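Shown next: protein18.cif, containing mmCIF, C-alpha atoms and all ligand atoms.
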```cif
data_work
loop_
_atom_site.label_atom_id
_atom_site.label_comp_id
_atom_site.auth_asym_id
_atom_site.auth_seq_id
_atom_site.Cartn_x
_atom_site.Cartn_y
_atom_site.Cartn_z
CA MET A 62 69.34 88.79 128.37
CA PRO A 63 68.02 91.98 126.71
CA LEU A 64 69.96 93.21 123.71
CA LEU A 65 72.29 96.02 124.64
CA PRO A 66 72.23 99.15 122.48
CA TRP A 67 75.82 98.77 121.36
CA CYS A 68 75.11 95.30 120.04
CA CYS A 69 72.46 96.63 117.67
CA LYS A 70 74.66 99.45 116.50
CA MET A 71 77.54 97.12 115.83
CA LYS A 72 75.32 95.03 113.55
CA VAL A 73 76.96 91.88 114.81
CA HIS A 74 74.02 89.60 114.15
CA LEU A 75 74.11 87.38 111.09
CA SER A 76 72.08 88.91 108.29
CA PRO A 77 70.07 86.65 105.91
CA GLU A 78 72.77 86.94 103.22
CA GLU A 79 75.45 86.08 105.69
CA GLY A 80 74.66 82.52 106.66
CA ASN A 81 72.39 83.01 109.64
CA LYS A 82 70.54 79.91 108.49
CA LEU A 83 71.14 76.67 110.26
CA TYR A 84 71.25 73.65 107.98
CA SER A 85 70.48 70.02 108.80
CA SER A 86 73.31 68.69 106.62
CA VAL A 87 76.12 69.85 104.35
CA ASP A 88 74.20 68.48 101.32
CA ASN A 89 71.12 70.42 102.32
CA MET A 90 73.19 73.60 102.63
CA VAL A 91 74.90 73.03 99.27
CA LYS A 92 71.56 72.51 97.48
CA THR A 93 69.99 75.56 99.12
CA LEU A 94 72.92 77.82 98.27
CA PHE A 95 74.08 76.47 94.91
CA GLY A 96 70.89 75.00 93.41
CA ALA A 97 68.96 71.74 93.70
CA ALA A 98 71.29 69.96 91.27
CA ALA A 99 74.43 70.90 93.19
CA SER A 100 76.29 68.21 95.11
CA VAL A 101 79.63 67.58 96.80
CA LEU A 102 82.13 66.04 94.37
CA SER A 103 85.10 65.61 96.69
CA THR A 104 86.63 66.82 99.93
CA ALA A 105 90.34 67.38 100.52
CA PRO A 106 91.70 67.92 104.05
CA VAL A 107 93.17 71.35 104.83
CA HIS A 108 95.85 71.32 107.50
CA GLY A 109 96.93 74.03 109.90
CA GLY A 110 94.03 74.24 112.36
CA ASP A 111 94.21 73.43 116.06
CA ILE A 112 90.79 72.13 116.86
CA ASN A 113 88.53 71.19 113.99
CA ASP A 114 88.75 69.06 110.88
CA ALA A 115 88.95 71.34 107.84
CA TYR A 116 88.30 70.63 104.16
CA ARG A 117 88.36 72.15 100.74
CA VAL A 118 85.07 70.93 99.32
CA SER A 119 84.69 70.74 95.57
CA LEU A 120 81.11 71.08 94.25
CA SER A 121 79.53 69.81 91.05
CA THR A 122 78.92 73.46 90.08
CA GLY A 123 82.69 74.09 89.87
CA ASP A 124 82.63 76.06 93.14
CA TYR A 125 84.81 75.39 96.17
CA ILE A 126 83.83 75.96 99.77
CA PHE A 127 85.80 75.81 103.01
CA LEU A 128 84.25 73.47 105.56
CA LYS A 129 85.12 72.92 109.21
CA THR A 130 83.59 70.07 111.18
CA ASN A 131 83.52 68.95 114.78
CA SER A 132 81.31 66.67 116.86
CA ALA A 133 77.60 67.55 116.89
CA ALA A 134 77.84 68.60 120.55
CA ASN A 135 80.29 71.38 119.61
CA VAL A 136 78.04 73.33 117.24
CA ASN A 137 78.35 76.33 119.55
CA PHE A 138 82.02 76.67 118.54
CA PHE A 139 80.85 77.35 115.02
CA LEU A 140 77.91 79.59 115.87
CA THR A 141 80.11 81.85 117.97
CA GLU A 142 82.88 81.81 115.35
CA ALA A 143 80.31 82.83 112.73
CA ALA A 144 79.14 85.72 114.92
CA GLY A 145 82.74 86.89 115.33
CA LEU A 146 83.47 86.61 111.61
CA GLN A 147 80.28 88.47 110.83
CA ALA A 148 81.12 91.30 113.23
CA LEU A 149 84.57 91.67 111.65
CA ARG A 150 83.13 91.48 108.13
CA SER A 151 80.51 94.09 108.89
CA SER A 152 83.27 96.61 109.54
CA GLY A 153 84.18 96.41 105.83
CA LYS A 154 87.77 97.27 106.73
CA ILE A 155 89.62 94.01 106.18
CA GLY A 156 89.27 90.69 104.36
CA VAL A 157 87.10 88.20 106.25
CA PRO A 158 85.64 85.12 104.52
CA ARG A 159 81.92 85.20 103.79
CA ILE A 160 79.88 82.88 105.98
CA LEU A 161 77.89 80.39 103.93
CA GLY A 162 76.16 78.52 106.71
CA ALA A 163 76.48 76.37 109.77
CA GLY A 164 74.59 73.50 111.26
CA THR A 165 74.41 70.05 112.74
CA ASP A 166 74.09 66.84 110.78
CA ALA A 167 72.43 64.48 113.23
CA GLN A 168 72.91 61.45 110.99
CA LYS A 169 76.66 61.93 110.66
CA GLY A 170 76.97 63.21 114.24
CA ILE A 171 78.83 66.36 113.16
CA SER A 172 78.47 70.10 113.37
CA PHE A 173 79.87 72.26 110.59
CA LEU A 174 80.70 75.78 109.47
CA ALA A 175 81.02 76.61 105.76
CA LEU A 176 82.89 79.68 104.53
CA GLU A 177 83.96 81.22 101.28
CA PHE A 178 87.17 79.43 100.24
CA ILE A 179 90.13 81.80 100.27
CA GLU A 180 92.71 80.54 97.80
CA GLY A 181 95.99 81.32 99.57
CA VAL A 182 98.76 82.87 97.44
CA PRO A 183 102.36 83.81 98.33
CA ARG A 184 102.60 87.19 100.06
CA ILE A 185 103.32 90.07 97.73
CA ALA A 186 105.58 93.02 98.62
CA SER A 187 102.75 95.29 99.81
CA TYR A 188 101.02 92.63 101.95
CA TRP A 189 102.31 93.65 105.38
CA GLU A 190 101.90 97.36 104.81
CA THR A 191 98.31 96.99 103.59
CA PHE A 192 97.53 94.59 106.43
CA GLY A 193 98.92 97.07 108.97
CA HIS A 194 96.74 99.85 107.56
CA GLN A 195 93.64 97.66 107.42
CA LEU A 196 93.97 96.27 110.93
CA ALA A 197 94.42 99.80 112.26
CA GLU A 198 91.30 100.89 110.33
CA LEU A 199 89.36 98.00 111.84
CA HIS A 200 90.52 99.03 115.31
CA ARG A 201 89.49 102.63 114.66
CA ALA A 202 86.20 101.77 112.93
CA GLU A 203 83.73 104.49 113.76
CA PHE A 204 80.69 102.35 114.31
CA LEU A 205 82.31 101.09 117.47
CA SER A 206 82.30 104.39 119.22
CA TYR A 207 78.56 104.74 119.94
CA GLU A 208 78.79 103.30 123.40
CA ASN A 209 81.85 102.86 125.48
CA ARG A 210 81.39 99.19 126.29
CA PHE A 211 83.81 96.32 126.19
CA GLY A 212 82.86 92.69 125.58
CA PHE A 213 80.59 91.08 123.05
CA HIS A 214 76.92 90.19 122.74
CA GLN A 215 77.70 86.55 123.50
CA ASP A 216 80.42 84.46 125.09
CA ASN A 217 82.69 82.63 122.65
CA TYR A 218 85.86 80.56 122.72
CA ILE A 219 89.59 81.15 122.72
CA GLY A 220 90.93 78.00 121.14
CA ALA A 221 88.90 75.29 122.87
CA SER A 222 88.45 77.28 126.11
CA PRO A 223 85.33 79.24 126.92
CA GLN A 224 85.79 83.01 126.69
CA LYS A 225 83.53 85.25 128.78
CA ASN A 226 82.35 88.47 127.13
CA GLN A 227 80.00 90.04 129.69
CA PRO A 228 79.87 93.73 128.62
CA CYS A 229 81.63 96.15 130.94
CA GLU A 230 81.95 99.95 131.01
CA LYS A 231 85.65 99.82 131.85
CA TRP A 232 88.29 97.94 129.87
CA ILE A 233 90.41 97.15 132.91
CA ASP A 234 87.44 95.66 134.79
CA PHE A 235 86.54 93.66 131.71
CA TYR A 236 90.09 92.38 131.30
CA ARG A 237 90.27 91.37 134.96
CA GLU A 238 86.83 89.72 135.21
CA CYS A 239 86.46 88.15 131.78
CA ARG A 240 90.03 87.41 130.77
CA LEU A 241 92.61 86.95 133.56
CA LEU A 242 90.37 85.76 136.39
CA PRO A 243 88.72 82.78 134.61
CA GLN A 244 92.04 81.56 133.20
CA LEU A 245 93.82 81.96 136.54
CA ALA A 246 91.04 80.02 138.27
CA MET A 247 91.57 77.18 135.77
CA ALA A 248 95.37 77.36 136.20
CA GLU A 249 95.26 77.08 139.99
CA ARG A 250 96.30 73.41 139.77
CA TYR A 251 99.62 74.46 138.17
CA LEU A 252 100.48 77.49 140.34
CA ASP A 253 101.60 77.17 143.93
CA PRO A 254 99.94 79.41 146.55
CA SER A 255 102.77 81.97 146.54
CA PHE A 256 102.28 82.52 142.80
CA MET A 257 98.51 82.64 143.17
CA LYS A 258 99.07 85.41 145.75
CA LYS A 259 101.22 87.31 143.28
CA ALA A 260 98.65 86.81 140.54
CA ASP A 261 95.95 88.13 142.90
CA HIS A 262 98.13 91.19 143.49
CA ILE A 263 98.18 91.83 139.73
CA LEU A 264 94.40 91.50 139.51
CA GLU A 265 93.85 93.85 142.45
CA HIS A 266 96.21 96.45 141.03
CA LEU A 267 95.42 95.98 137.36
CA ASP A 268 94.61 99.67 136.95
CA SER A 269 98.19 100.55 137.82
CA TYR A 270 99.51 98.28 135.04
CA LEU A 271 96.96 98.81 132.23
CA ARG A 272 95.27 101.90 130.81
CA GLU A 273 91.74 102.67 129.67
CA PRO A 274 91.99 103.04 125.86
CA ASP A 275 90.76 106.29 124.27
CA PHE A 276 88.20 104.31 122.26
CA PRO A 277 86.96 100.72 122.12
CA SER A 278 88.06 98.55 119.18
CA LEU A 279 86.61 95.46 117.61
CA LEU A 280 89.37 92.88 118.05
CA HIS A 281 90.10 89.67 116.20
CA GLY A 282 91.02 88.24 119.58
CA ASP A 283 93.41 85.46 118.48
CA LEU A 284 95.63 87.15 115.92
CA TRP A 285 98.61 84.81 115.64
CA SER A 286 100.22 84.26 112.24
CA GLY A 287 98.23 81.05 111.57
CA ASN A 288 95.04 83.10 111.53
CA MET A 289 96.04 85.40 108.66
CA LEU A 290 95.99 84.31 105.02
CA CYS A 291 97.14 86.09 101.88
CA GLY A 292 94.18 86.01 99.49
CA PRO A 293 94.12 86.15 95.68
CA ASP A 294 93.83 89.95 95.99
CA GLY A 295 97.29 89.99 97.63
CA LYS A 296 95.72 91.28 100.86
CA ALA A 297 95.31 89.85 104.34
CA TRP A 298 92.27 87.73 105.16
CA ILE A 299 91.74 87.06 108.84
CA ILE A 300 90.20 83.78 110.00
CA ASP A 301 89.27 81.87 113.15
CA PRO A 302 88.59 84.86 115.45
CA ALA A 303 87.73 85.02 119.14
CA ALA A 304 86.19 88.47 118.53
CA TYR A 305 85.22 91.02 121.14
CA VAL A 306 85.46 94.75 121.81
CA GLY A 307 88.55 95.76 123.75
CA ASP A 308 91.84 97.66 123.75
CA PHE A 309 93.59 97.34 120.37
CA GLU A 310 96.88 96.70 122.19
CA ALA A 311 95.57 93.22 123.06
CA ASP A 312 95.42 92.34 119.32
CA LEU A 313 98.86 93.83 118.68
CA ALA A 314 100.31 91.83 121.57
CA MET A 315 98.95 88.59 120.11
CA THR A 316 100.68 89.32 116.80
CA GLN A 317 103.99 89.29 118.74
CA LEU A 318 103.45 86.47 121.21
CA PHE A 319 104.72 83.56 119.13
CA GLY A 320 107.12 85.51 116.90
CA SER A 321 106.61 89.03 115.66
CA LEU A 322 105.29 90.11 112.25
CA PRO A 323 107.67 92.18 110.07
CA GLU A 324 108.51 95.70 111.25
CA ARG A 325 106.79 97.30 108.25
CA PHE A 326 103.45 95.90 109.47
CA TYR A 327 103.80 97.83 112.77
CA ASP A 328 105.06 100.97 111.00
CA ALA A 329 102.03 100.92 108.71
CA TYR A 330 99.67 100.16 111.60
CA SER A 331 100.82 103.18 113.58
CA GLU A 332 100.46 105.48 110.56
CA VAL A 333 96.69 104.92 110.83
CA ASN A 334 96.38 104.25 114.55
CA PRO A 335 99.25 105.84 116.50
CA VAL A 336 100.64 103.55 119.19
CA ASP A 337 102.40 104.59 122.39
CA TRP A 338 105.06 101.91 121.86
CA LYS A 339 106.81 102.50 125.19
CA GLY A 340 103.60 102.13 127.17
CA TYR A 341 102.51 99.22 124.98
CA ARG A 342 105.73 97.33 125.75
CA GLU A 343 105.12 97.85 129.46
CA ARG A 344 101.56 96.51 129.20
CA LYS A 345 102.14 93.78 126.62
CA GLY A 346 103.15 91.10 129.14
CA LEU A 347 99.72 91.22 130.74
CA TYR A 348 98.07 90.71 127.35
CA ASP A 349 100.44 87.80 126.72
CA LEU A 350 99.53 86.39 130.13
CA TYR A 351 95.94 85.70 129.07
CA HIS A 352 96.96 83.60 126.06
CA LEU A 353 99.80 81.88 127.91
CA LEU A 354 97.46 80.92 130.75
CA ASN A 355 95.06 79.59 128.13
CA HIS A 356 97.85 77.53 126.57
CA LEU A 357 98.84 76.28 130.02
CA ASN A 358 95.25 75.24 130.67
CA LEU A 359 94.82 73.61 127.26
CA PHE A 360 98.23 72.09 126.57
CA GLY A 361 99.88 71.73 129.98
CA ARG A 362 103.12 72.50 131.81
CA GLY A 363 105.18 73.51 128.79
CA TYR A 364 103.72 77.02 129.23
CA LEU A 365 104.18 77.25 133.01
CA ARG A 366 107.61 78.90 132.87
CA SER A 367 106.37 81.74 130.64
CA VAL A 368 103.36 82.32 132.89
CA VAL A 369 105.50 82.40 136.04
CA GLU A 370 108.04 84.72 134.38
CA ILE A 371 105.33 87.28 133.59
CA ILE A 372 103.79 87.11 137.06
CA GLU A 373 107.29 87.59 138.56
CA ARG A 374 108.04 90.48 136.22
CA TYR A 375 104.94 92.45 137.21
CA THR A 376 105.16 91.70 140.92
CA GLY A 377 108.92 91.94 141.40
CA ALA A 378 108.45 94.69 143.97
CA ALA A 379 105.38 93.17 145.63
CA ASP A 380 105.29 90.71 148.55
P1 LIG A 401 90.74 75.58 113.63
O1 LIG A 401 89.42 76.15 114.04
O2 LIG A 401 90.80 74.09 113.75
O3 LIG A 401 91.92 76.25 114.32
P2 LIG A 401 91.20 77.19 111.25
O4 LIG A 401 90.00 78.08 111.18
O5 LIG A 401 92.45 77.78 111.76
O6 LIG A 401 90.86 75.85 112.06
O7 LIG A 401 91.41 76.59 109.79
C1 LIG A 401 92.38 75.58 109.54
C2 LIG A 401 93.23 75.98 108.33
O8 LIG A 401 92.39 76.09 107.20
C3 LIG A 401 93.89 77.34 108.49
O9 LIG A 401 95.17 77.24 109.01
C4 LIG A 401 93.92 77.88 107.07
O10 LIG A 401 95.11 77.51 106.42
C5 LIG A 401 92.76 77.19 106.39
N1 LIG A 401 91.58 78.07 106.24
C6 LIG A 401 90.82 78.63 107.22
N2 LIG A 401 89.79 79.32 106.72
C7 LIG A 401 89.90 79.22 105.38
C8 LIG A 401 89.12 79.72 104.28
N3 LIG A 401 88.02 80.45 104.48
N4 LIG A 401 89.54 79.43 103.02
C9 LIG A 401 90.65 78.67 102.81
N5 LIG A 401 91.42 78.15 103.80
C10 LIG A 401 91.05 78.43 105.07
#
```
Spit out the file's structure as structure tokens when you get a sec.
Amino acid sequence: MPLLPWCCKMKVHLSPEEGNKLYSSVDNMVKTLFGAAASVLSTAPVHGGDINDAYRVSLSTGDYIFLKTNSAANVNFFLTEAAGLQALRSSGKIGVPRILGAGTDAQKGISFLALEFIEGVPRIASYWETFGHQLAELHRAEFLSYENRFGFHQDNYIGASPQKNQPCEKWIDFYRECRLLPQLAMAERYLDPSFMKKADHILEHLDSYLREPDFPSLLHGDLWSGNMLCGPDGKAWIIDPAAYVGDFEADLAMTQLFGSLPERFYDAYSEVNPVDWKGYRERKGLYDLYHLLNHLNLFGRGYLRSVVEIIERYTGAAD
């Protein structure tokens, strides 16, 4: 596929300093980055992730790195995560760990992604306010406004599910084709035909429920509270993205899906990027629907009730 102009302008490709190199083992990466004498001293598991094994790796040089591993076949998880992290980092608006490298270790049968280790600290008083300002700045970042296209230069993943990012001129078309439709197709086994009919009604009339945003925003894409750390600088560091260009309301909705962030975060956010809160609340359910369908598809029936409730809410008046 030819590179689209907006991809180049967004500078989303990994630059040489930013871990675009693929390594054949963790040891090989450590020696290349930290010197021939460097080696791994110990690895301690880090908990909190959904999918991968994660470690705090201590090196003979006194450095620490963050390492995620999965089976060798899943290296694409890490390459697409690195591309998302790099896109977010290139905005310069918010803390995103530096990418050290990724690769596949054929001998150990693993793939890996190594990042700068962010030493988590307790949140300080200004954390939520600063985070609100920074996320809003990311969403308003000027380099995104060259071309009005939604999507990303490659498909990636939302959790363990594939996430389509085929660029689209219109947000609502993108959201229908690349977000709701693929998840609904996967969820067909859980939804009876009458609900599928109602879901189809939503897809067909999506432009009466959603709006075209005034500008496209680079989104984290999976911004639940587990994907935000407080770094040693007392500021937010965002991790584990499912990045793409979309309507910023989709990121805001994810921050409220499994429990909301403190009010001062939203107040600070809207100081930098004003939000039509009334309209947002009307649209939010359809942004929740994508993630709830994904949870239904990944984790099963426990999420069915929430999915059905949203479909009912938006089609109450429809046949
Ligand atoms: P998964 O891909 O399995 O969901 P995450 O990327 O969420 O894994 O990482 C698992 C946990 O590791 C997170 O909950 C967080 O606490 C920690 N973590 C993630 N990235 C870093 C990092 N760069 N530095 C330090 N800790 C991190």
*Among listed residues A:Ser367, A:Asn131, A:Ser255, A:Gln244, nearest ligand LIG 401 (chain A) (using all atoms listed in the file)*: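 Selected residue with least distance to ligand LIG 401 (chain A): A:Asn131.
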Please check which protein, DNA or RNA residues sit within 9 Å of ligand LIG 401 (chain A), counting only C-alpha atoms and all ligand atoms, and write them as an mmCIF file with C-alpha atoms, in the coordinates of the input.
```
data_model
loop_
_atom_site.group_PDB
_atom_site.id
_atom_site.type_symbol
_atom_site.label_atom_id
_atom_site.label_comp_id
_atom_site.auth_asym_id
_atom_site.auth_seq_id
_atom_site.Cartn_x
_atom_site.Cartn_y
_atom_site.Cartn_z
ATOM 1 C CA PRO A 106 91.700 67.920 104.050
ATOM 2 C CA VAL A 107 93.170 71.350 104.830
ATOM 3 C CA HIS A 108 95.850 71.320 107.500
ATOM 4 C CA GLY A 109 96.930 74.030 109.900
ATOM 5 C CA GLY A 110 94.030 74.240 112.360
ATOM 6 C CA ASP A 111 94.210 73.430 116.060
ATOM 7 C CA ILE A 112 90.790 72.130 116.860
ATOM 8 C CA ASN A 113 88.530 71.190 113.990
ATOM 9 C CA ASP A 114 88.750 69.060 110.880
ATOM 10 C CA ALA A 115 88.950 71.340 107.840
ATOM 11 C CA TYR A 116 88.300 70.630 104.160
ATOM 12 C CA ARG A 117 88.360 72.150 100.740
ATOM 13 C CA ILE A 126 83.830 75.960 99.770
ATOM 14 C CA PHE A 127 85.800 75.810 103.010
ATOM 15 C CA LEU A 128 84.250 73.470 105.560
ATOM 16 C CA LYS A 129 85.120 72.920 109.210
ATOM 17 C CA THR A 130 83.590 70.070 111.180
ATOM 18 C CA ASN A 131 83.520 68.950 114.780
ATOM 19 C CA PHE A 138 82.020 76.670 118.540
ATOM 20 C CA PHE A 139 80.850 77.350 115.020
ATOM 21 C CA GLU A 142 82.880 81.810 115.350
ATOM 22 C CA VAL A 157 87.100 88.200 106.250
ATOM 23 C CA PRO A 158 85.640 85.120 104.520
ATOM 24 C CA ARG A 159 81.920 85.200 103.790
ATOM 25 C CA ILE A 160 79.880 82.880 105.980
ATOM 26 C CA ALA A 175 81.020 76.610 105.760
ATOM 27 C CA LEU A 176 82.890 79.680 104.530
ATOM 28 C CA GLU A 177 83.960 81.220 101.280
ATOM 29 C CA PHE A 178 87.170 79.430 100.240
ATOM 30 C CA ILE A 179 90.130 81.800 100.270
ATOM 31 C CA GLU A 180 92.710 80.540 97.800
ATOM 32 C CA GLY A 181 95.990 81.320 99.570
ATOM 33 C CA GLY A 220 90.930 78.000 121.140
ATOM 34 C CA ALA A 221 88.900 75.290 122.870
ATOM 35 C CA GLY A 287 98.230 81.050 111.570
ATOM 36 C CA ASN A 288 95.040 83.100 111.530
ATOM 37 C CA MET A 289 96.040 85.400 108.660
ATOM 38 C CA LEU A 290 95.990 84.310 105.020
ATOM 39 C CA GLY A 292 94.180 86.010 99.490
ATOM 40 C CA TRP A 298 92.270 87.730 105.160
ATOM 41 C CA ILE A 299 91.740 87.060 108.840
ATOM 42 C CA ILE A 300 90.200 83.780 110.000
ATOM 43 C CA ASP A 301 89.270 81.870 113.150
ATOM 44 C CA PRO A 302 88.590 84.860 115.450
#
```
*Using all atoms listed in the file, pick whichever of A:Ala134, A:Ala304, A:Ala167, A:Leu318 has the shortest atom-to-atom distance to Leu280 in chain A.*
A:Ala304
*Using CA of Tyr351 in chain A and CA of Leu140 in chain A as the two end points, give the distance in Å to one decimal.*
23.2 Å
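When all atoms listed in the file are used to compute distances to Leu322 in chain A, the closest of the residues A:Leu252, A:Asn217, A:Trp189, A:Gly361 turns out to be A:Trp189.
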*asked:* Report, in Å to a single decimal, how far apart CA of Gly193 in chain A and CA of Tyr327 in chain A are.
replied: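 Interatomic distance here is 6.2 Å.
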*What does the distance between CA of Leu174 in chain A and CA of Gln195 in chain A come to in Å, to one decimal place?*
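So the two atoms, CA of Leu174 in chain A and CA of Gln195 in chain A, lie 25.5 Å apart.
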Determine, counting only C-alpha atoms, which protein, DNA and RNA residues have an atom within 12 Å of an atom of Phe95 in chain A; residues of the same chain fewer than 2 positions away are not included. Present the result as an mmCIF file with C-alpha atoms, keeping the file's coordinate frame.
```
data_model
loop_
_atom_site.group_PDB
_atom_site.id
_atom_site.type_symbol
_atom_site.label_atom_id
_atom_site.label_comp_id
_atom_site.auth_asym_id
_atom_site.auth_seq_id
_atom_site.Cartn_x
_atom_site.Cartn_y
_atom_site.Cartn_z
ATOM 1 C CA VAL A 87 76.120 69.850 104.350
ATOM 2 C CA ASP A 88 74.200 68.480 101.320
ATOM 3 C CA ASN A 89 71.120 70.420 102.320
ATOM 4 C CA MET A 90 73.190 73.600 102.630
ATOM 5 C CA VAL A 91 74.900 73.030 99.270
ATOM 6 C CA LYS A 92 71.560 72.510 97.480
ATOM 7 C CA THR A 93 69.990 75.560 99.120
ATOM 8 C CA ALA A 97 68.960 71.740 93.700
ATOM 9 C CA ALA A 98 71.290 69.960 91.270
ATOM 10 C CA ALA A 99 74.430 70.900 93.190
ATOM 11 C CA SER A 100 76.290 68.210 95.110
ATOM 12 C CA VAL A 101 79.630 67.580 96.800
ATOM 13 C CA LEU A 120 81.110 71.080 94.250
ATOM 14 C CA SER A 121 79.530 69.810 91.050
ATOM 15 C CA THR A 122 78.920 73.460 90.080
ATOM 16 C CA GLY A 123 82.690 74.090 89.870
ATOM 17 C CA ASP A 124 82.630 76.060 93.140
ATOM 18 C CA TYR A 125 84.810 75.390 96.170
ATOM 19 C CA ILE A 126 83.830 75.960 99.770
ATOM 20 C CA LEU A 161 77.890 80.390 103.930
#
```
*Pick out the closest residue to Pro293 in chain A from this set: A:Pro183, A:Ala133, A:Leu279, A:Arg150. Count all atoms listed in the file.*
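For Pro293 in chain A, the nearest of the candidates is A:Pro183.
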*asked:* When you count all atoms listed in the file, which of these residues is closest to Val136 in chain A: A:Leu83, A:Ala246, A:Val336, A:Leu284?
replied: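 Nearest to Val136 in chain A: A:Leu83.
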Show me, as a Markdown table, the residues of range 206-251 of chain A having an atom within 7 Å of range 256-275 of chain A, each with the closest atom pair and its distance in Å, using all atoms listed in the file.
```
| residue | atom | partner | partner_atom | distance |
| --- | --- | --- | --- | --- |
| A:Trp232 | CA | A:Glu273 | CA | 5.9 |
| A:Ile233 | CA | A:Asp268 | CA | 6.3 |
| A:Arg237 | CA | A:Leu264 | CA | 6.1 |
```
_Just checking: using all atoms listed in the file, which residue out of A:Leu347, A:Leu102, A:Ile171, A:Ala303 ends up closest to Gly212 in chain A?_
A:Ala303
